[in-house]
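**Student:** Before I ask anything, let me first share the structure, which is written out below as structure tokens.
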Amino acid sequence: MSPTVPARFPPLPALRAAVFSLLTYAALAGTARAALEIEVTSGVRDPVPIAIVPFARAVPADGGLDVAEVIQHDLEGSGRFKALARERMPATPTRTEEVAAPAWKAAGSDYVVVGRVVAGEGGNLAVEFDLINTLTGAKLATQRFTGAPSALRNAAHRVSDAVYQKILGVRGAFATRIAYVAVDGEPPAQRYQLIVADADGANQHLILESRFPLMSPAWSPDGQWLAYVSFETKHSAVYTQLVRTGERRQVSARAGINGAPEWSPDGKKLALTLGGTGGNPDIYILDLASQGLTRITDDPAIDTEPVWSADGRNLFFTSDRAGSPQIYQIAAQAGARPKRITFGSSYSARPRVSPDGTLLAMVTLDNGSYRVAVQELASNTVRTLSHGRLDESPSFAPNGATLIYAERDSNRGALATVSTDGLTGLRLKSSQGEVREPAWGPFIP
Amino acid sequence: MTEKVSMHRLILVLLLAVSVGLSACASKKPKPAAPAAPSDASSAQNNGAGDAGAAAGAGMDDEAAGPQGGLLATRIVYFDFDSSEIKGSGTDVVASHAKFLAGHSGTRVRLEGHTDERGSREYNIGLGERRAQAVRRALLLQGASDAQISTVSYGEERPAVSGHDETSWAKNRRVEIVYLAAPAGATKP
């Protein structure tokens, strides 16, 4: 009856622990689920032409990972770069000194990335790269990332982050993670899985599996914990779980609805929705250390989906107190009065705040379709970003440049991303089952 | 890529095998019903009346068969879009369950509220709860007692059918009246 947690907490009988550690091993091997495949649905008109030359290998410590391929996949997946095909490369340099800039310019590349995977001390690997401007031949950046061989893919994502930042002026968010819910099977025999993966959909880890719904995953600001809702007791309850070990705590299983957890920016509190026995959902703040509860709203309408402002002083939430769901803002303290902030649609719900605090992402009803939109909080200008029929659950990348959301692609749930300017988009398709409720994690130090 | 996919299948099979094995060794009491076979599930999709049985097949091991005569065999109340108003045949269904509960004070039900898939998920949890509460109030008004009734909202998370059209949505906007087997004291921690 209880869901499957691939970890040793809470304590399990020996047999179960043994089986779980086998499963944990399988999940850590990075092959726990079919890959999410990326398809670029719209890209910028003039992507930056770049060449990612195959890196010098450290055989066999690198486990056969093609670091340059991971970087190329990241940069092209952003929709902002166009990579030179390997067969068209004039040479295969691995150091700046070996790069004949004019030949790369002639091949159409404005930039070249070369690099090396080098065996280091204590079995570690180092990834070094150089970024070269082909017009001037100048080395624009060089950096070295060191870590265990198992972290090599992460190091490749960090190279992507650095290249993206150097060329576009915005920190890349490739070396981050996403959490999402995957659902297999047909009603009523569905299985729900909470998955954590790299931002490119690779390296998937099963966090929790249940025959009852799992929903609303939310990252702690330090990227160590997830909060989520599970119905495993045939009743909604909010849990927090340490991603690395699987350690799990039930933090709210009060009568009625326990839902929509969102961490405060300082990581000490959760905003959440509680329904009580009367079934009227209102917004509360739960102090995780003291378990103290502060009621924020008290209204007969449905008040739910709270999210914190970037400074932690305010909450945004969905309420149908005016008849249809709209988004309201309220100070994060007892007795505050809410202020409605959406007016452009008959349905505006599920707010999320951009990392810089200037944009509110939401789901709005737009000509009969549910779509992802962003509202500038200063001007209240709204831009619709997605084009699906049933788009939902937008979540900002930690660099604020991109949103990930869920859509129904040919009647199957898929994840998609769109840049906050609406210009570039791509889709992460699961080869099996439905994926939904993506939550983009924070930068990992 | 092929290797990854087959590995995935292998692990899925492993997971299923493990969870079946675990629930088998973890549960001390016999299960009331075998899980619905896939063919049963798909036939339930084509027929809204199969929903309650199908829910039992999903492993709700605290459930009882409950009364079966006449309207009492109907356990689902349907709703219009964005509405929690009980109407049409739903009124009679709720009335017959209220009468039964009023005459059987030791019997308990769980009202499970559901919505269609449109709109945001947590907001739909609120809408499903509103529907469950509407049925609860109607049962109370007609003689059932508060101690006999609990509610839960699954929002859009546990659809009866998986389609993405109005016909499917109409089957998913519902409250299921679930009769419970054990007294309150016997529930697991």
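A note on labels: chains of the structure tokens are A, B, ... as shown, every chain counts residues from 1, and ligands are counted from 1 in their shown order.
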Within 6 Å of A:Ser220, counting only C-alpha atoms, which residues show up once you throw out same-chain ones fewer than 5 positions away? Write them as a PDB file with N, CA and C atoms, in the first residue's frame, please.
**Tutor:**
ATOM      1  N   TRP A 225      16.157  19.389  -1.161  1.00  0.00           N
ATOM      2  CA  TRP A 225      14.888  18.770  -0.771  1.00  0.00           C
ATOM      3  C   TRP A 225      13.816  19.001  -1.824  1.00  0.00           C
ATOM      4  N   TRP A 263       8.320  26.394  -1.085  1.00  0.00           N
ATOM      5  CA  TRP A 263       9.299  26.812  -0.088  1.00  0.00           C
ATOM      6  C   TRP A 263       9.476  28.321  -0.090  1.00  0.00           C
ATOM      7  N   GLY A 267      14.054  29.018   2.763  1.00  0.00           N
ATOM      8  CA  GLY A 267      14.009  27.576   2.958  1.00  0.00           C
ATOM      9  C   GLY A 267      13.468  27.129   4.305  1.00  0.00           C
TER      10      GLY A 267
END
**Student:** Residues within 8 Å of stretch 118-123 of chain B, please, as a compact mmCIF listing (two decimals) with N, CA and C atoms, in the first residue's frame. Count only C-alpha atoms; anything in the same chain fewer than 5 positions from it doesn't count.
**Tutor:**
# COMPACT_ATOMS: atom_id res chain seq x y z
N SER A 216 2.48 18.20 -7.40
CA SER A 216 3.01 19.47 -6.93
C SER A 216 4.42 19.41 -6.34
N GLY A 259 -2.22 20.68 0.38
CA GLY A 259 -1.74 20.76 -0.99
C GLY A 259 -0.85 21.94 -1.28
N ALA A 260 -0.35 21.96 -2.52
CA ALA A 260 0.35 23.10 -3.12
C ALA A 260 1.50 23.66 -2.29
N ILE A 302 -12.22 29.18 -3.11
CA ILE A 302 -11.03 28.34 -3.20
C ILE A 302 -9.81 29.26 -3.26
N THR A 304 -5.76 28.88 -3.29
CA THR A 304 -4.75 27.82 -3.39
C THR A 304 -3.58 28.27 -4.26
N GLU A 305 -2.61 27.36 -4.46
CA GLU A 305 -1.44 27.61 -5.31
C GLU A 305 -0.63 28.83 -4.87
N THR A 318 -3.92 31.71 -6.21
CA THR A 318 -5.12 31.63 -7.03
C THR A 318 -6.34 31.66 -6.13
N ALA A 349 -4.44 31.32 -13.29
CA ALA A 349 -4.16 30.49 -12.11
C ALA A 349 -2.72 30.03 -12.10
N ARG A 350 -2.33 29.36 -11.00
CA ARG A 350 -1.03 28.70 -10.81
C ARG A 350 0.15 29.68 -11.06
N VAL A 363 -1.10 30.21 -15.76
CA VAL A 363 -1.90 29.56 -16.79
C VAL A 363 -3.11 30.45 -17.03
N TYR A 370 -5.96 26.56 -22.63
CA TYR A 370 -5.20 26.91 -21.44
C TYR A 370 -3.74 27.08 -21.84
N LEU A 390 -3.91 22.53 -23.78
CA LEU A 390 -4.00 22.26 -22.35
C LEU A 390 -2.60 22.39 -21.74
N GLU A 392 0.09 23.75 -18.92
CA GLU A 392 -0.06 24.01 -17.49
C GLU A 392 1.28 23.96 -16.77
N SER A 393 1.25 24.31 -15.50
CA SER A 393 2.37 24.14 -14.57
C SER A 393 3.69 24.78 -15.02
N GLY B 155 -9.11 15.87 -7.37
CA GLY B 155 -9.00 16.80 -8.48
C GLY B 155 -9.04 16.05 -9.81
N GLU B 156 -8.08 16.37 -10.68
CA GLU B 156 -8.02 15.68 -11.98
C GLU B 156 -7.04 14.53 -11.97
N GLU B 157 -6.53 14.15 -10.77
CA GLU B 157 -5.41 13.20 -10.71
C GLU B 157 -5.82 11.75 -10.93
**Student:** List every residue of stretch 74-174 of chain A that DSSP, applied to the backbone of this structure, places in helix (DSSP H, G or I), and write the result as a ChimeraX atom specification.
**Tutor:** /A:74-77,86-88,96-98,101-106,121-123,149-168
**Student:** Could you give me, as JSON lines, every stretch 75-168 of chain A residue with an atom at most 8 Å from stretch 174-195 of chain A, plus its closest atom pair and distance in Å to one decimal, counting only C-alpha atoms, rows ordered by chain then number?
**Tutor:**
{"residue": "A:Asn154", "atom": "CA", "partner": "A:Ala175", "partner_atom": "CA", "distance": 5.9}
{"residue": "A:Ala155", "atom": "CA", "partner": "A:Ala175", "partner_atom": "CA", "distance": 7.8}
{"residue": "A:His157", "atom": "CA", "partner": "A:Ala175", "partner_atom": "CA", "distance": 4.8}
{"residue": "A:Arg158", "atom": "CA", "partner": "A:Ala175", "partner_atom": "CA", "distance": 5.5}
{"residue": "A:Ser160", "atom": "CA", "partner": "A:Phe174", "partner_atom": "CA", "distance": 6.6}
{"residue": "A:Asp161", "atom": "CA", "partner": "A:Phe174", "partner_atom": "CA", "distance": 5.9}
**Student:** Export, as a short mmCIF file (atom, residue, chain, number, x, y, z; two decimals), in the first residue's frame, the selected residues with N, CA and C atoms.
**Tutor:**
data_model
loop_
_atom_site.label_atom_id
_atom_site.label_comp_id
_atom_site.auth_asym_id
_atom_site.auth_seq_id
_atom_site.Cartn_x
_atom_site.Cartn_y
_atom_site.Cartn_z
N ASN A 154 27.79 16.20 -15.57
CA ASN A 154 27.53 17.48 -14.92
C ASN A 154 28.60 18.51 -15.30
N ALA A 155 29.86 18.06 -15.36
CA ALA A 155 30.94 18.97 -15.75
C ALA A 155 30.72 19.48 -17.17
N HIS A 157 27.83 19.91 -18.58
CA HIS A 157 26.78 20.93 -18.49
C HIS A 157 27.35 22.25 -17.98
N ARG A 158 28.35 22.17 -17.11
CA ARG A 158 28.95 23.41 -16.58
C ARG A 158 29.75 24.14 -17.67
N SER A 160 28.80 24.05 -20.79
CA SER A 160 27.70 24.68 -21.55
C SER A 160 27.26 25.98 -20.87
N ASP A 161 27.12 25.93 -19.54
CA ASP A 161 26.72 27.14 -18.79
C ASP A 161 27.70 28.29 -19.05
#
**Student:** What is the distance between atom CA of A:Ala361 and atom CA of A:Phe443, in Å to one decimal?
**Tutor:**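 Distance between the two atoms: 19.3 Å.
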